[in-house]
Amino acid sequence: MNPGFWNGKRVLVTGHTGFKGGWMVAWLRHLGAEVAGLALPPSTTPNLFDLAQTAQDIASVFADIRDPAAVKAVFDRFQPEIVFHMAAQAIVRASYDDPVGTYATNVMGTVHVFEAVRTSGVRVVVNVTSDKCYDNKEWVWGYRETDPLGGKDPYSSSKACAELVTAAYRSSFFSGSRRIGFASARAGNVIGGGDWAQDRLIPDVIAAIRNGQPVPVRNPDAVRPWQHVLEPLSGYILLAEHLWRDPAAFSSEWNFGPDADSVRTVRWLVDRLALLWSVPPQQMPQPGEHPHEARLLSLDSSKARAHLGWAPRWGLDRAASAVVEWYKAFEQGAAVKPVMVDQIDAFMNTRRD
C-alpha cells in the first residue's frame with residue numbers, strides 16, 4: 001500500500017453509513033483522500049456513522065441506490081476518480097424477510113452505480129460483494145475466484161448476481177477504448193468495533209456480555225473465515241492502487257480471506273471474546289426456527305497474495321483483542337474516532353505474516 005497515492009484523490013464510498021463503509025471512510029480520510037459518501041441514513045442507534053462524526057469529514061449524501069437519478073446526481077456533483085461500491089442489504093436472515101428489496105438493492109442498485117460510472121470520469125471501481133457469492137458445497141478447502149457462483153438464500157444469490165453484473169459491465173463497457181480499472185472483491189465475516197447490525201454475531205456477543213447474560217448463538221459449530229475489518233479493507237485499497245496503474249492486468253475478481261488458523265467456529269470466537277472481556281464464557285441456543293445458513297465456508301486468497309502482494313496482518317487473537325478494545329473504549333465514554341485511527345495506524349505498522 002502506498003499512502004501517498006491517496007492524498008487528494010476524489011473517492012466515493014457507497015454504503016458509508018454502514019460498519020465496513022465507516023471504517024473505509026476513516027482510513028481513506030486518514031490517508032488524505034477527499035471522500036464523498038452515498039448511503040441510506042444509519043439504521044441503528046448507536047451507530048458508527050454518528051459516533052465517528054463521519055459527516056464532519058466528508059461530503060455525505062443520504063440517498064437510495066435503488067434511485068438511479070439520486071445516484072447520478074452524486075456522481076455529477078462530486079466527480080469521483082475512484083469508487084468503492086459497498087452499499088448493500090448485507091444480512092442473510094433479512095433477505096428471507098425481504099427478498100425483493102434485497103435483489104433490488106444488491107443487483108439493480110449495483111446496476112445504477114455502474115450506469116453512473118459510464119457517464120462520468122471515474123478511473124477505478126471496486127465492487128465489494130461477498131464470500132457468500134460462491135456455490136457453497138461446504139468443502140474443507142477455500143473457494144477460488146474461478147469456482148462457480150451460486151447461493152441458497154436471497155442474499156447469497158443476489159451477491160452472485162452482482163458479480164455477474166460486474167463481469168458484464170467490465171467486458172461490455174470498460175475493456176475497449178474506454179478502459180478503466182473495474183474489479184470485484186470478495187470477503188466476509190469481518191469483525192471490528194462499531195458493528196451494531198441486527199443478526200450479526202459481534203453485536204449480540206457484546207450486548208450479552210455487557211448485560212451479564214449468556215450469548216444467544218444460532219449455530220455454534222458453524223465455521224467461518226473470521227478477520228478484522230481492516231484486513232479486507234486493506235485489500236480493497238491495495239487493489240484500487242493497482243487498478244489505477246494497470247487496469248488491464250488487475251480488472252478481475254479477488255478474494256481477501258484470512259489464514260487457515262483464523263477459520264474457526266462461532267463457539268470459539270464467542271468464548272475468546274468473553275475471556276478477553278474478563279468474564280466467564282456463557283452461551284445458549286437461540287430459540288426459534290432459523291433459515292438455512294452454511295456451516296462451513298472459507299476463501300483461497302492465493303491470487304491476491306501472488307499478484308497484489310496482499311497478506312493478512314492480524315491473526316484472530318489480535319483481531320478479537322481489537323474488537324474488545326474498541327467496545328470497552330466506547331463503554332467508558334471515549335471518543336471512538338481516535339480509537340479507530342490508532343487501530344488503523346497499528347494495523348499499517350504491523351509486519352505482514
# chains A, B, ... in the order shown; residues from 1 in each chain; ligands from 1

$ closest_atom_pairs --of "region 231-257 of chain A" --to "region 314-330 of chain A" --cutoff "12 Å" --atoms "only C-alpha atoms" --output "JSON lines"
{"residue": "A:Glu231", "atom": "CA", "partner": "A:Trp314", "partner_atom": "CA", "distance": 7.7}
{"residue": "A:Pro232", "atom": "CA", "partner": "A:Trp314", "partner_atom": "CA", "distance": 11.3}
{"residue": "A:Ser234", "atom": "CA", "partner": "A:Trp314", "partner_atom": "CA", "distance": 11.7}
{"residue": "A:Gly257", "atom": "CA", "partner": "A:Gly315", "partner_atom": "CA", "distance": 11.4}

$ write_last_selection --atoms "N, CA and C atoms" --output "mmCIF file, in the first residue's frame"
data_model
loop_
_atom_site.group_PDB
_atom_site.id
_atom_site.type_symbol
_atom_site.label_atom_id
_atom_site.label_comp_id
_atom_site.auth_asym_id
_atom_site.auth_seq_id
_atom_site.Cartn_x
_atom_site.Cartn_y
_atom_site.Cartn_z
ATOM 1 N N GLU A 231 -8.592 -5.947 7.565
ATOM 2 C CA GLU A 231 -7.924 -6.882 6.644
ATOM 3 C C GLU A 231 -8.473 -6.761 5.216
ATOM 4 N N PRO A 232 -9.776 -6.986 4.993
ATOM 5 C CA PRO A 232 -10.252 -6.849 3.613
ATOM 6 C C PRO A 232 -10.180 -5.424 3.103
ATOM 7 N N SER A 234 -7.872 -3.313 3.633
ATOM 8 C CA SER A 234 -6.514 -3.107 3.116
ATOM 9 C C SER A 234 -6.385 -3.713 1.729
ATOM 10 N N GLY A 257 -9.297 -13.225 2.167
ATOM 11 C CA GLY A 257 -9.663 -14.019 3.334
ATOM 12 C C GLY A 257 -8.487 -14.228 4.268
#

$ select_by_dssp --residues "region 112-246 of chain A" --states "strand (DSSP E or B)" --output "MDAnalysis selection string"
chainID A and resid 124:128 134 143 149 181:186 190:191 215:217 223:225 227:228

$ residues_around --residues "Arg264 (chain A)" --least-positions-apart "4" --cutoff "10 Å" --atoms "only C-alpha atoms" --output "list in words"
Asp221, Ala222, Val223, Arg224, Pro225, Trp226, Ala260, Trp268, Leu269, Leu296, Ser298 and Leu316 of chain A

$ closest_residue --among "A:Arg210, A:His242, A:Arg123, A:Lys137" --to "Asn2 (chain A)" --atoms "only C-alpha atoms"
A:His242

$ closest_residue --among "A:Arg267, A:Arg179, A:His228, A:Arg200" --to "Arg245 (chain A)" --atoms "only C-alpha atoms"
A:Arg179

$ select_by_dssp --residues "region 30-230 of chain A" --states "helix (DSSP H, G or I)" --output "PyMOL selection string"
chain A and resi 30+48-51+54-56+68-78+92-97+99-118+131-133+154-173+201-210+230

$ closest_residue --among "A:Thr110, A:Ser43, A:Asn349, A:Asn136" --to "Asp67 (chain A)" --atoms "only C-alpha atoms"
A:Thr110

$ closest_residue --among "A:Trp244, A:Trp141, A:Tyr155, A:Tyr236" --to "Gly181 (chain A)" --atoms "only C-alpha atoms"
A:Trp244

$ closest_residue --among "A:Ile202, A:Leu299, A:Ala311, A:Ala168" --to "Tyr143 (chain A)" --atoms "only C-alpha atoms"
A:Leu299

$ residues_around --residues "Ala208 (chain A)" --least-positions-apart "5" --cutoff "12 Å" --atoms "only C-alpha atoms" --output "PDB file with all heavy atoms, in the first residue's frame"
ATOM      1  N   LEU A 201     -23.027 -11.494  14.749  1.00  0.00           N
ATOM      2  CA  LEU A 201     -22.510 -12.123  15.961  1.00  0.00           C
ATOM      3  C   LEU A 201     -21.924 -11.131  16.942  1.00  0.00           C
ATOM      4  O   LEU A 201     -22.239 -11.173  18.142  1.00  0.00           O
ATOM      5  CB  LEU A 201     -21.457 -13.176  15.577  1.00  0.00           C
ATOM      6  CG  LEU A 201     -20.836 -13.939  16.757  1.00  0.00           C
ATOM      7  CD1 LEU A 201     -21.889 -14.775  17.452  1.00  0.00           C
ATOM      8  CD2 LEU A 201     -19.675 -14.811  16.282  1.00  0.00           C
ATOM      9  N   ILE A 202     -21.048 -10.240  16.492  1.00  0.00           N
ATOM     10  CA  ILE A 202     -20.344  -9.360  17.423  1.00  0.00           C
ATOM     11  C   ILE A 202     -21.308  -8.480  18.226  1.00  0.00           C
ATOM     12  O   ILE A 202     -21.176  -8.393  19.459  1.00  0.00           O
ATOM     13  CB  ILE A 202     -19.298  -8.510  16.677  1.00  0.00           C
ATOM     14  CG1 ILE A 202     -18.212  -9.411  16.081  1.00  0.00           C
ATOM     15  CG2 ILE A 202     -18.679  -7.479  17.617  1.00  0.00           C
ATOM     16  CD1 ILE A 202     -17.485 -10.270  17.092  1.00  0.00           C
ATOM     17  N   PRO A 203     -22.297  -7.810  17.607  1.00  0.00           N
ATOM     18  CA  PRO A 203     -23.232  -7.033  18.421  1.00  0.00           C
ATOM     19  C   PRO A 203     -23.957  -7.883  19.458  1.00  0.00           C
ATOM     20  O   PRO A 203     -24.173  -7.437  20.596  1.00  0.00           O
ATOM     21  CB  PRO A 203     -24.208  -6.465  17.379  1.00  0.00           C
ATOM     22  CG  PRO A 203     -23.452  -6.457  16.109  1.00  0.00           C
ATOM     23  CD  PRO A 203     -22.548  -7.652  16.160  1.00  0.00           C
ATOM     24  N   GLN A 213     -25.346 -11.601  30.550  1.00  0.00           N
ATOM     25  CA  GLN A 213     -26.221 -12.688  30.134  1.00  0.00           C
ATOM     26  C   GLN A 213     -25.474 -13.661  29.224  1.00  0.00           C
ATOM     27  O   GLN A 213     -24.462 -13.290  28.599  1.00  0.00           O
ATOM     28  CB  GLN A 213     -27.446 -12.128  29.392  1.00  0.00           C
ATOM     29  CG  GLN A 213     -28.300 -11.199  30.222  1.00  0.00           C
ATOM     30  CD  GLN A 213     -29.399 -10.547  29.403  1.00  0.00           C
ATOM     31  OE1 GLN A 213     -29.374 -10.578  28.170  1.00  0.00           O
ATOM     32  NE2 GLN A 213     -30.372  -9.969  30.085  1.00  0.00           N
ATOM     33  N   PRO A 214     -25.962 -14.897  29.108  1.00  0.00           N
ATOM     34  CA  PRO A 214     -25.376 -15.819  28.133  1.00  0.00           C
ATOM     35  C   PRO A 214     -25.574 -15.291  26.713  1.00  0.00           C
ATOM     36  O   PRO A 214     -26.557 -14.600  26.423  1.00  0.00           O
ATOM     37  CB  PRO A 214     -26.154 -17.125  28.352  1.00  0.00           C
ATOM     38  CG  PRO A 214     -26.759 -16.997  29.705  1.00  0.00           C
ATOM     39  CD  PRO A 214     -27.021 -15.534  29.918  1.00  0.00           C
ATOM     40  N   VAL A 215     -24.643 -15.623  25.840  1.00  0.00           N
ATOM     41  CA  VAL A 215     -24.715 -15.174  24.456  1.00  0.00           C
ATOM     42  C   VAL A 215     -25.628 -16.108  23.666  1.00  0.00           C
ATOM     43  O   VAL A 215     -25.385 -17.320  23.620  1.00  0.00           O
ATOM     44  CB  VAL A 215     -23.318 -15.166  23.807  1.00  0.00           C
ATOM     45  CG1 VAL A 215     -23.409 -14.717  22.351  1.00  0.00           C
ATOM     46  CG2 VAL A 215     -22.370 -14.262  24.593  1.00  0.00           C
ATOM     47  N   PRO A 216     -26.691 -15.571  23.035  1.00  0.00           N
ATOM     48  CA  PRO A 216     -27.537 -16.427  22.194  1.00  0.00           C
ATOM     49  C   PRO A 216     -26.833 -16.752  20.879  1.00  0.00           C
ATOM     50  O   PRO A 216     -26.416 -15.855  20.156  1.00  0.00           O
ATOM     51  CB  PRO A 216     -28.785 -15.573  21.966  1.00  0.00           C
ATOM     52  CG  PRO A 216     -28.311 -14.160  22.094  1.00  0.00           C
ATOM     53  CD  PRO A 216     -27.171 -14.186  23.077  1.00  0.00           C
ATOM     54  N   VAL A 217     -26.692 -18.031  20.576  1.00  0.00           N
ATOM     55  CA  VAL A 217     -25.949 -18.468  19.393  1.00  0.00           C
ATOM     56  C   VAL A 217     -26.822 -19.421  18.585  1.00  0.00           C
ATOM     57  O   VAL A 217     -27.360 -20.403  19.117  1.00  0.00           O
ATOM     58  CB  VAL A 217     -24.635 -19.170  19.796  1.00  0.00           C
ATOM     59  CG1 VAL A 217     -23.894 -19.650  18.561  1.00  0.00           C
ATOM     60  CG2 VAL A 217     -23.753 -18.214  20.593  1.00  0.00           C
ATOM     61  N   VAL A 270     -16.846 -16.714  20.264  1.00  0.00           N
ATOM     62  CA  VAL A 270     -17.635 -16.212  21.392  1.00  0.00           C
ATOM     63  C   VAL A 270     -16.867 -16.404  22.696  1.00  0.00           C
ATOM     64  O   VAL A 270     -16.776 -15.482  23.530  1.00  0.00           O
ATOM     65  CB  VAL A 270     -19.003 -16.915  21.449  1.00  0.00           C
ATOM     66  CG1 VAL A 270     -19.738 -16.555  22.746  1.00  0.00           C
ATOM     67  CG2 VAL A 270     -19.851 -16.538  20.241  1.00  0.00           C
ATOM     68  N   LEU A 273     -13.858 -13.891  22.921  1.00  0.00           N
ATOM     69  CA  LEU A 273     -14.262 -12.524  23.232  1.00  0.00           C
ATOM     70  C   LEU A 273     -14.628 -12.375  24.701  1.00  0.00           C
ATOM     71  O   LEU A 273     -14.286 -11.369  25.343  1.00  0.00           O
ATOM     72  CB  LEU A 273     -15.440 -12.113  22.349  1.00  0.00           C
ATOM     73  CG  LEU A 273     -15.120 -11.916  20.860  1.00  0.00           C
ATOM     74  CD1 LEU A 273     -16.408 -11.785  20.061  1.00  0.00           C
ATOM     75  CD2 LEU A 273     -14.247 -10.691  20.641  1.00  0.00           C
ATOM     76  N   ALA A 274     -15.314 -13.373  25.247  1.00  0.00           N
ATOM     77  CA  ALA A 274     -15.682 -13.320  26.663  1.00  0.00           C
ATOM     78  C   ALA A 274     -14.442 -13.315  27.553  1.00  0.00           C
ATOM     79  O   ALA A 274     -14.340 -12.539  28.513  1.00  0.00           O
ATOM     80  CB  ALA A 274     -16.593 -14.498  27.006  1.00  0.00           C
ATOM     81  N   TRP A 277     -12.768 -10.060  27.579  1.00  0.00           N
ATOM     82  CA  TRP A 277     -13.532  -9.094  28.368  1.00  0.00           C
ATOM     83  C   TRP A 277     -13.428  -9.399  29.860  1.00  0.00           C
ATOM     84  O   TRP A 277     -13.943  -8.684  30.687  1.00  0.00           O
ATOM     85  CB  TRP A 277     -14.996  -9.089  27.940  1.00  0.00           C
ATOM     86  CG  TRP A 277     -15.711  -7.811  28.260  1.00  0.00           C
ATOM     87  CD1 TRP A 277     -16.149  -7.395  29.493  1.00  0.00           C
ATOM     88  CD2 TRP A 277     -16.089  -6.779  27.358  1.00  0.00           C
ATOM     89  NE1 TRP A 277     -16.771  -6.179  29.411  1.00  0.00           N
ATOM     90  CE2 TRP A 277     -16.750  -5.768  28.104  1.00  0.00           C
ATOM     91  CE3 TRP A 277     -15.933  -6.604  25.980  1.00  0.00           C
ATOM     92  CZ2 TRP A 277     -17.255  -4.612  27.517  1.00  0.00           C
ATOM     93  CZ3 TRP A 277     -16.434  -5.457  25.404  1.00  0.00           C
ATOM     94  CH2 TRP A 277     -17.087  -4.469  26.171  1.00  0.00           C
ATOM     95  N   VAL A 279     -14.748 -12.047  31.462  1.00  0.00           N
ATOM     96  CA  VAL A 279     -15.975 -12.621  32.013  1.00  0.00           C
ATOM     97  C   VAL A 279     -16.015 -14.088  31.613  1.00  0.00           C
ATOM     98  O   VAL A 279     -15.437 -14.480  30.590  1.00  0.00           O
ATOM     99  CB  VAL A 279     -17.239 -11.897  31.506  1.00  0.00           C
ATOM    100  CG1 VAL A 279     -17.228 -10.436  31.911  1.00  0.00           C
ATOM    101  CG2 VAL A 279     -17.396 -12.047  29.997  1.00  0.00           C
ATOM    102  N   PRO A 280     -16.697 -14.942  32.408  1.00  0.00           N
ATOM    103  CA  PRO A 280     -16.787 -16.363  32.050  1.00  0.00           C
ATOM    104  C   PRO A 280     -17.568 -16.530  30.749  1.00  0.00           C
ATOM    105  O   PRO A 280     -18.622 -15.902  30.557  1.00  0.00           O
ATOM    106  CB  PRO A 280     -17.556 -16.982  33.227  1.00  0.00           C
ATOM    107  CG  PRO A 280     -17.453 -15.992  34.330  1.00  0.00           C
ATOM    108  CD  PRO A 280     -17.361 -14.649  33.687  1.00  0.00           C
ATOM    109  N   PRO A 281     -17.076 -17.348  29.842  1.00  0.00           N
ATOM    110  CA  PRO A 281     -17.817 -17.574  28.601  1.00  0.00           C
ATOM    111  C   PRO A 281     -19.111 -18.343  28.861  1.00  0.00           C
ATOM    112  O   PRO A 281     -19.108 -19.365  29.541  1.00  0.00           O
ATOM    113  CB  PRO A 281     -16.844 -18.397  27.747  1.00  0.00           C
ATOM    114  CG  PRO A 281     -15.874 -18.998  28.707  1.00  0.00           C
ATOM    115  CD  PRO A 281     -15.794 -18.075  29.876  1.00  0.00           C
ATOM    116  N   GLN A 282     -20.219 -17.794  28.378  1.00  0.00           N
ATOM    117  CA  GLN A 282     -21.520 -18.440  28.525  1.00  0.00           C
ATOM    118  C   GLN A 282     -22.263 -18.341  27.196  1.00  0.00           C
ATOM    119  O   GLN A 282     -22.370 -17.255  26.632  1.00  0.00           O
ATOM    120  CB  GLN A 282     -22.365 -17.755  29.605  1.00  0.00           C
ATOM    121  CG  GLN A 282     -21.764 -17.750  30.992  1.00  0.00           C
ATOM    122  CD  GLN A 282     -22.683 -17.056  31.973  1.00  0.00           C
ATOM    123  OE1 GLN A 282     -23.722 -17.585  32.363  1.00  0.00           O
ATOM    124  NE2 GLN A 282     -22.321 -15.845  32.357  1.00  0.00           N
ATOM    125  N   GLN A 283     -22.768 -19.468  26.733  1.00  0.00           N
ATOM    126  CA  GLN A 283     -23.542 -19.487  25.502  1.00  0.00           C
ATOM    127  C   GLN A 283     -24.843 -20.242  25.736  1.00  0.00           C
ATOM    128  O   GLN A 283     -24.929 -21.108  26.605  1.00  0.00           O
ATOM    129  CB  GLN A 283     -22.759 -20.172  24.375  1.00  0.00           C
ATOM    130  CG  GLN A 283     -21.440 -19.513  24.047  1.00  0.00           C
ATOM    131  CD  GLN A 283     -20.724 -20.199  22.901  1.00  0.00           C
ATOM    132  OE1 GLN A 283     -21.343 -20.759  22.007  1.00  0.00           O
ATOM    133  NE2 GLN A 283     -19.397 -20.147  22.913  1.00  0.00           N
ATOM    134  N   MET A 284     -25.836 -19.884  24.942  1.00  0.00           N
ATOM    135  CA  MET A 284     -27.099 -20.622  24.988  1.00  0.00           C
ATOM    136  C   MET A 284     -27.673 -20.687  23.579  1.00  0.00           C
ATOM    137  O   MET A 284     -27.427 -19.789  22.759  1.00  0.00           O
ATOM    138  CB  MET A 284     -28.093 -19.929  25.921  1.00  0.00           C
ATOM    139  CG  MET A 284     -28.600 -18.594  25.434  1.00  0.00           C
ATOM    140  SD  MET A 284     -29.858 -17.901  26.532  1.00  0.00           S
ATOM    141  CE  MET A 284     -30.376 -16.441  25.605  1.00  0.00           C
TER     142      MET A 284
END

$ residues_around --residues "region 16-30 of chain A" --least-positions-apart "2" --cutoff "6 Å" --atoms "only C-alpha atoms" --output "MDAnalysis selection string"
chainID A and resid 13:14 32:33 37 42 49 195

$ write_last_selection --atoms "N, CA and C atoms" --output "tab-separated table (two decimals), in the first residue's frame"
chain	number	residue	atom	x	y	z
A	13	VAL	N	-17.50	6.50	-1.65
A	13	VAL	CA	-17.79	5.26	-0.95
A	13	VAL	C	-19.30	5.14	-0.83
A	14	THR	N	-19.90	4.19	-1.52
A	14	THR	CA	-21.32	3.93	-1.28
A	14	THR	C	-21.42	3.03	-0.04
A	32	GLY	N	-5.57	10.99	3.53
A	32	GLY	CA	-5.60	12.28	2.86
A	32	GLY	C	-6.52	12.36	1.66
A	33	ALA	N	-7.36	11.36	1.43
A	33	ALA	CA	-8.28	11.39	0.30
A	33	ALA	C	-9.42	12.36	0.56
A	37	GLY	N	-19.72	10.27	0.36
A	37	GLY	CA	-20.44	9.05	0.71
A	37	GLY	C	-21.87	9.10	0.21
A	42	PRO	N	-28.16	5.95	8.81
A	42	PRO	CA	-27.86	4.81	9.69
A	42	PRO	C	-29.13	4.14	10.18
A	49	PHE	N	-21.51	5.73	12.15
A	49	PHE	CA	-21.52	6.98	11.40
A	49	PHE	C	-21.58	8.18	12.34
A	195	ASP	N	-19.88	-2.20	15.10
A	195	ASP	CA	-20.89	-3.01	14.42
A	195	ASP	C	-22.09	-3.19	15.35

$ residues_around --residues "region 88-95 of chain A" --least-positions-apart "3" --cutoff "7 Å" --atoms "only C-alpha atoms" --output "ChimeraX atom specification"
/A:15,98-99,102,105-106,154-155

$ residues_around --residues "Phe182 (chain A)" --least-positions-apart "4" --cutoff "8 Å" --atoms "only C-alpha atoms" --output "list of chain:residue names"
A:Val124, A:Val125, A:Val126, A:Asn127, A:Thr166, A:Arg170, A:Phe174, A:Leu243, A:Pro247, A:Ser251, A:Ser252

$ atom_distance --atom1 "CA of Val35 (chain A)" --atom2 "CA of Ser60 (chain A)"
8.6 Å

$ atom_distance --atom1 "CA of Ser130 (chain A)" --atom2 "CA of Lys159 (chain A)"
6.4 Å

$ closest_residue --among "A:Ser184, A:Gln332, A:Gln227, A:Ser302" --to "Glu163 (chain A)" --atoms "only C-alpha atoms"
A:Ser184
